[in-house]
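Participant: Take a look at this one; I'll ask things after.
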There are 2 protein chains.
Amino acid sequence: MARSSDPTRTRILDAASRLFYAEGIRAVSVDAVAEKAGITKKTLYYHFRSKDDLVAAYLAARDQPNLALFKRWFDEDTGAVPDKVAAIFRHLAEAARHPRWRGCGFLRTTAELANLPGHPAIRIGAAHKKKFEAWLQAMFADAGIAGSGELARQMLLLLDGAFAVVLLHRDASYMETAGEAARTLVAAALPRRTRSPRSRQPAVTPSAPAAGAA
Amino acid sequence: MARSSDPTRTRILDAASRLFYAEGIRAVSVDAVAEKAGITKKTLYYHFRSKDDLVAAYLAARDQPNLALFKRWFDEDTGAVPDKVAAIFRHLAEAARHPRWRGCGFLRTTAELANLPGHPAIRIGAAHKKKFEAWLQAMFADAGIAGSGELARQMLLLLDGAFAVVLLHRDASYMETAGEAARTLVAAALPRRTRSPRSRQPAVTPSAPAAGAA
DNA sequence: CTAGGTATACTGACCAGTGAATATACCTTG
DNA sequence: CAAGGTATATTCACTGGTCAGTATACCTAG
């Protein structure tokens, strides 16, 4: 049985990841993945039961690294919670300006396989987003925010909306707009004593600070 | 030359629309569209130059009706602007509970064809979203909101985020969360004298039931 | 010498798009 | 009005190519 550290399996997964992310699931053939990995199709089918399995493995391999990246961006920002959240969007905006950026692999796979609701890849994508939401909620709860669950959901909506819109318009500034909306919502939910100075900057109207909405 | 009112062309477009929306672009063959339309493939190719053309026509046919629906939901709500915006999300949440709902056809097509940046269908999708954003901005400007452009972009992000997340989790409640976040942001941006009483309800904490969010 | 792993070569199904012929409807001209 | 032509609209049958997945054989390491 091939272990996850199997070098051949790793090569296949690496090739699949690049191709599926760059071109989409149905646009990439198993032959193409095998060729990119430098092996034959039969070897690929020795390591993965089917193309569907390979697609699921592609997303599963992206789960932990993606979450770790978000957490690092959050942790490394030295500001208050609204700024830490905005930092995630800031880093994503930078990534989105790279020519090979193609949005969120989890969302794009879900959109492409929307006609197969029980597909293993979709379940992995859903679990990934749930983990991110749960982590955010924990961060908000730690900061003393009462409606941490609702707020985490709102962050998720802004983030995934930004993935979709930036991909559609090829305009990374929407990612920054999402970051400012996120900062506004988090700042409004924060208990007063811990609110950061930067979070008092209104993202919506320069005249009316949104502090009263909490 | 086939006019847009051509009954055969309409039949093809109707079949294409149902299939592409339900199954995705690359999952639907031209043969399948022709069969669903009750014609032969060659007839389809008489009316459309290629499959790519057909995909673009599918989205173009959805542009105006979709916008008209959003405008109607906005206009028919009798509340203030934050409530009118929330009404759009409320109606979409209802639609999302239908078993055949598959998210936003424009976004899903964009996600699937992300490897073909210049594809005509993507340009039509981008134009559609830009029209919606411009219309929203005009509504906000009419309501005396200073940062109407930024606010309209935030609404777009919440809306498209909700499309993506609801499709991923098959949980329409995210659409309502997005609606409440939208209501909060619009209410915070509104000049004080015209702010509605409902908009003072905090959208962040779930303990306060928002009207219509059932 | 045997079991895990890889290669060549294949299957049957499907795919986008086309060639050649035919039907229909209208329109000109004698 | 009638004969013949022309553009529109449709069909059947096909092409070259790709797809996911497999049958069989080989090969190398323990």
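Chain identifiers are assigned as A, B, and so on, following the order in which chains appear in the structure tokens; residues are numbered from 1 within each chain, and ligands are numbered from 1 in order of appearance.
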For chain B against chain C, with a cut-off of 8 Å and counting only C-alpha atoms (C1' of nucleotides), what is the closest atom pair and its distance in Å to one decimal for every residue that makes the cut, ordered by chain and number, as a tab-separated table?
Facilitator:
residue	atom	partner	partner_atom	distance
B:Ser29	CA	C:DC15	C1'	7.1
B:Val30	CA	C:DA16	C1'	7.5
B:Lys51	CA	C:DA16	C1'	7.8
Participant: Might you pull out every residue within 8 Å of region 153-166 of chain B, with only C-alpha atoms (C1' of nucleotides) counted and same-chain residues fewer than 6 positions away left off, and present them as a PDB file with C-alpha atoms, in the first residue's frame?
Facilitator:
ATOM      1  CA  LEU A 107     -14.586  26.998  -4.424  1.00  0.00           C
ATOM      2  CA  ALA A 111     -18.598  25.179  -8.631  1.00  0.00           C
ATOM      3  CA  LEU A 156     -16.209  33.823   5.388  1.00  0.00           C
ATOM      4  CA  LEU A 157     -18.772  35.432   3.111  1.00  0.00           C
ATOM      5  CA  LEU A 158     -16.536  38.410   2.433  1.00  0.00           C
ATOM      6  CA  LEU A 159     -13.527  36.209   1.822  1.00  0.00           C
ATOM      7  CA  ASP A 160     -15.236  33.824  -0.561  1.00  0.00           C
ATOM      8  CA  GLY A 161     -17.042  36.691  -2.246  1.00  0.00           C
ATOM      9  CA  ALA A 162     -13.684  38.319  -2.841  1.00  0.00           C
ATOM     10  CA  ALA A 164     -15.178  34.946  -6.751  1.00  0.00           C
ATOM     11  CA  VAL A 165     -15.288  38.618  -7.719  1.00  0.00           C
ATOM     12  CA  TYR A 174     -11.953  43.936  -4.547  1.00  0.00           C
ATOM     13  CA  THR A 177     -12.496  46.289  -0.334  1.00  0.00           C
ATOM     14  CA  ALA A 178     -13.474  43.019   1.330  1.00  0.00           C
ATOM     15  CA  ALA A 181     -15.525  45.691   5.113  1.00  0.00           C
TER      16      ALA A 181
ATOM     17  CA  PHE B  89     -30.879  38.411   0.076  1.00  0.00           C
ATOM     18  CA  ALA B  96     -31.489  28.722  -2.667  1.00  0.00           C
ATOM     19  CA  GLY B 103     -25.735  29.035  -7.196  1.00  0.00           C
ATOM     20  CA  CYS B 104     -24.983  31.822  -9.647  1.00  0.00           C
ATOM     21  CA  LEU B 107     -19.906  32.769 -11.172  1.00  0.00           C
ATOM     22  CA  LYS B 129     -21.868  41.914 -12.221  1.00  0.00           C
ATOM     23  CA  GLU B 133     -22.865  46.997  -8.919  1.00  0.00           C
ATOM     24  CA  ALA B 172     -29.218  28.720   2.738  1.00  0.00           C
ATOM     25  CA  SER B 173     -28.843  30.326   6.154  1.00  0.00           C
ATOM     26  CA  TYR B 174     -25.558  31.805   4.973  1.00  0.00           C
ATOM     27  CA  MET B 175     -27.585  33.881   2.527  1.00  0.00           C
ATOM     28  CA  ALA B 178     -25.000  37.888   4.262  1.00  0.00           C
ATOM     29  CA  GLY B 179     -28.252  39.850   4.161  1.00  0.00           C
ATOM     30  CA  ALA B 181     -24.247  41.931   7.219  1.00  0.00           C
ATOM     31  CA  ALA B 182     -25.391  43.933   4.196  1.00  0.00           C
TER      32      ALA B 182
END
Participant: Could you write out, as a PyMOL selection string, all the residues of region 9-208 of chain A that DSSP marks as helix (DSSP H, G or I)?
Facilitator: chain A and resi 9-23+30-37+41-47+51-76+81-96+105-112+120-142+148-169+173-189+192-194+198-200
Participant: Can you tell me, as a list in words, what residues are no more than 12 Å from Asp63 (chain B) when counting only C-alpha atoms (C1' of nucleotides), ignoring any on the same chain fewer than 5 positions away?
Facilitator: Ala56, Ala57, Tyr58, Ala68, Leu69, Phe70, Cys104, Gly105, Phe106, Ala121, Arg123, Ile124, Gly125, Ala126, Ala127, His128, Lys129, Lys130, Lys131 and Phe132 of chain B
Participant: Write out, as a short mmCIF file (atom, residue, chain, number, x, y, z; two decimals), in the first residue's frame, the residues just selected, with all heavy atoms.
Facilitator:
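See part_18.cif below for the written result:
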data_model
loop_
_atom_site.label_atom_id
_atom_site.label_comp_id
_atom_site.auth_asym_id
_atom_site.auth_seq_id
_atom_site.Cartn_x
_atom_site.Cartn_y
_atom_site.Cartn_z
N ALA B 56 -21.75 31.57 -24.28
CA ALA B 56 -21.87 33.03 -24.13
C ALA B 56 -23.32 33.46 -24.27
O ALA B 56 -23.81 34.30 -23.50
CB ALA B 56 -20.99 33.73 -25.16
N ALA B 57 -24.03 32.85 -25.24
CA ALA B 57 -25.44 33.22 -25.44
C ALA B 57 -26.29 32.81 -24.24
O ALA B 57 -27.24 33.50 -23.88
CB ALA B 57 -25.97 32.55 -26.71
N TYR B 58 -25.93 31.70 -23.63
CA TYR B 58 -26.64 31.24 -22.42
C TYR B 58 -26.57 32.29 -21.34
O TYR B 58 -27.58 32.64 -20.72
CB TYR B 58 -26.05 29.89 -21.98
CG TYR B 58 -25.96 29.63 -20.50
CD1 TYR B 58 -27.11 29.60 -19.70
CD2 TYR B 58 -24.73 29.39 -19.89
CE1 TYR B 58 -27.00 29.33 -18.33
CE2 TYR B 58 -24.62 29.12 -18.55
CZ TYR B 58 -25.75 29.10 -17.77
OH TYR B 58 -25.65 28.84 -16.43
N ALA B 68 -33.41 42.37 -13.63
CA ALA B 68 -34.78 42.83 -13.42
C ALA B 68 -35.36 42.25 -12.14
O ALA B 68 -36.09 42.93 -11.41
CB ALA B 68 -35.64 42.44 -14.63
N LEU B 69 -35.01 41.00 -11.87
CA LEU B 69 -35.52 40.36 -10.65
C LEU B 69 -34.99 41.05 -9.41
O LEU B 69 -35.75 41.35 -8.47
CB LEU B 69 -35.09 38.89 -10.66
CG LEU B 69 -35.94 37.90 -9.87
CD1 LEU B 69 -37.38 37.96 -10.32
CD2 LEU B 69 -35.39 36.49 -10.02
N PHE B 70 -33.69 41.31 -9.40
CA PHE B 70 -33.10 42.00 -8.25
C PHE B 70 -33.75 43.36 -8.05
O PHE B 70 -34.09 43.76 -6.93
CB PHE B 70 -31.59 42.17 -8.45
CG PHE B 70 -30.81 40.89 -8.32
CD1 PHE B 70 -29.51 40.80 -8.78
CD2 PHE B 70 -31.39 39.77 -7.75
CE1 PHE B 70 -28.80 39.62 -8.65
CE2 PHE B 70 -30.68 38.58 -7.63
CZ PHE B 70 -29.38 38.52 -8.09
N CYS B 104 -24.92 30.81 -8.59
CA CYS B 104 -24.98 31.82 -9.65
C CYS B 104 -24.34 31.27 -10.92
O CYS B 104 -23.16 30.90 -10.92
CB CYS B 104 -24.25 33.08 -9.19
SG CYS B 104 -24.04 34.32 -10.48
N GLY B 105 -25.11 31.21 -12.00
CA GLY B 105 -24.60 30.68 -13.25
C GLY B 105 -23.40 31.46 -13.77
O GLY B 105 -22.49 30.88 -14.36
N PHE B 106 -23.39 32.75 -13.55
CA PHE B 106 -22.27 33.57 -14.02
C PHE B 106 -20.99 33.19 -13.28
O PHE B 106 -19.94 33.00 -13.89
CB PHE B 106 -22.59 35.06 -13.80
CG PHE B 106 -23.77 35.54 -14.60
CD1 PHE B 106 -25.05 35.53 -14.04
CD2 PHE B 106 -23.63 35.98 -15.89
CE1 PHE B 106 -26.14 35.97 -14.77
CE2 PHE B 106 -24.71 36.42 -16.63
CZ PHE B 106 -25.98 36.40 -16.07
N ALA B 121 -17.88 34.27 -22.64
CA ALA B 121 -18.82 34.07 -21.54
C ALA B 121 -18.36 34.77 -20.27
O ALA B 121 -19.17 35.31 -19.51
CB ALA B 121 -19.00 32.57 -21.28
N ARG B 123 -16.52 37.48 -20.17
CA ARG B 123 -16.74 38.93 -20.35
C ARG B 123 -18.20 39.29 -20.08
O ARG B 123 -18.49 40.32 -19.47
CB ARG B 123 -16.33 39.35 -21.76
CG ARG B 123 -14.82 39.59 -21.87
CD ARG B 123 -14.51 40.53 -23.04
NE ARG B 123 -14.88 39.91 -24.31
CZ ARG B 123 -14.05 39.18 -25.04
NH1 ARG B 123 -12.83 38.97 -24.62
NH2 ARG B 123 -14.44 38.69 -26.18
N ILE B 124 -19.11 38.42 -20.52
CA ILE B 124 -20.53 38.70 -20.28
C ILE B 124 -20.84 38.61 -18.79
O ILE B 124 -21.59 39.43 -18.25
CB ILE B 124 -21.39 37.71 -21.09
CG1 ILE B 124 -21.30 38.06 -22.58
CG2 ILE B 124 -22.83 37.73 -20.62
CD1 ILE B 124 -21.88 37.00 -23.48
N GLY B 125 -20.25 37.66 -18.12
CA GLY B 125 -20.46 37.55 -16.67
C GLY B 125 -19.92 38.76 -15.94
O GLY B 125 -20.59 39.29 -15.03
N ALA B 126 -18.73 39.21 -16.32
CA ALA B 126 -18.15 40.38 -15.67
C ALA B 126 -19.02 41.61 -15.90
O ALA B 126 -19.28 42.39 -14.97
CB ALA B 126 -16.74 40.62 -16.21
N ALA B 127 -19.52 41.77 -17.13
CA ALA B 127 -20.38 42.91 -17.43
C ALA B 127 -21.66 42.85 -16.60
O ALA B 127 -22.16 43.87 -16.11
CB ALA B 127 -20.70 42.95 -18.92
N HIS B 128 -22.20 41.65 -16.45
CA HIS B 128 -23.43 41.49 -15.65
C HIS B 128 -23.21 41.98 -14.22
O HIS B 128 -24.02 42.75 -13.69
CB HIS B 128 -23.84 40.01 -15.67
CG HIS B 128 -24.98 39.69 -14.76
ND1 HIS B 128 -26.28 39.99 -15.06
CD2 HIS B 128 -25.00 39.11 -13.53
CE1 HIS B 128 -27.07 39.60 -14.07
NE2 HIS B 128 -26.31 39.07 -13.13
N LYS B 129 -22.13 41.53 -13.62
CA LYS B 129 -21.87 41.91 -12.22
C LYS B 129 -21.58 43.41 -12.12
O LYS B 129 -21.95 44.05 -11.12
CB LYS B 129 -20.68 41.12 -11.67
CG LYS B 129 -20.93 39.61 -11.57
CD LYS B 129 -21.96 39.28 -10.49
CE LYS B 129 -22.18 37.77 -10.38
NZ LYS B 129 -23.23 37.43 -9.39
N LYS B 130 -20.92 43.96 -13.14
CA LYS B 130 -20.66 45.40 -13.12
C LYS B 130 -21.96 46.20 -13.20
O LYS B 130 -22.12 47.23 -12.55
CB LYS B 130 -19.73 45.78 -14.28
CG LYS B 130 -18.27 45.46 -14.04
CD LYS B 130 -17.65 46.38 -12.98
CE LYS B 130 -16.16 46.11 -12.80
NZ LYS B 130 -15.62 46.75 -11.58
N LYS B 131 -22.90 45.70 -14.02
CA LYS B 131 -24.19 46.38 -14.12
C LYS B 131 -24.91 46.38 -12.78
O LYS B 131 -25.48 47.38 -12.36
CB LYS B 131 -25.07 45.68 -15.17
CG LYS B 131 -24.78 46.07 -16.60
CD LYS B 131 -25.82 45.44 -17.53
CE LYS B 131 -25.18 44.94 -18.80
NZ LYS B 131 -26.10 44.09 -19.59
N PHE B 132 -24.88 45.23 -12.13
CA PHE B 132 -25.55 45.13 -10.83
C PHE B 132 -24.89 46.09 -9.84
O PHE B 132 -25.58 46.82 -9.11
CB PHE B 132 -25.46 43.70 -10.31
CG PHE B 132 -26.06 43.51 -8.95
CD1 PHE B 132 -27.45 43.56 -8.78
CD2 PHE B 132 -25.27 43.28 -7.85
CE1 PHE B 132 -28.01 43.41 -7.52
CE2 PHE B 132 -25.82 43.12 -6.58
CZ PHE B 132 -27.20 43.18 -6.42
#
Participant: After least-squares alignment of chain A to chain B over all Cα atoms in order, what RMSD do you get?
Facilitator: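 The root-mean-square deviation of C-alpha positions is 3.6 Å.
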Participant: Using only C-alpha atoms (C1' of nucleotides), find the residues of chain B whose closest atom to chain D is at most 10 Å away, then write them as a count of residues only.
Facilitator: 11
Participant: Measure the distance from CA of Arg183 (chain A) to CA of Ala86 (chain A) in Å and round it to one decimal.
Facilitator: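 The value is 5.8 Å.
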Participant: Please report the interatomic distance between CA of Ala60 (chain B) and CA of Ile12 (chain B) in Å with one decimal.
Facilitator: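 Value for the CA of Ala60 (chain B)-CA of Ile12 (chain B) distance: 13.8 Å.
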Participant: Under the rule that only C-alpha atoms are counted, which of A:Thr10, A:Asn66, A:Thr110, A:Ser17 is the nearest residue to chain B?
Facilitator: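 Checking each candidate against chain B, we get A:Thr110 as the closest.
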Participant: Calculated over only C-alpha atoms, which of the candidates B:Arg62, B:Arg11, B:His119, B:Arg90 has the smallest distance to chain A?
Facilitator: B:His119
Participant: One decimal, in Å: what's the spacing between CA of Glu176 (chain A) and CA of Ala93 (chain A)?
Facilitator: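 That distance, rounded to one decimal, is 6.4 Å.
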Participant: Counting only C-alpha atoms, which of A:Val186, A:Leu13, A:Ala34, A:Val85 gets nearest to chain B?
Facilitator: A:Val186
Participant: Of the residues A:Pro7, A:Gly79, A:Pro120, A:Gly149, which is the one nearest to chain B, using only C-alpha atoms?
Facilitator: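 For chain B, the nearest of the given residues is A:Gly149.
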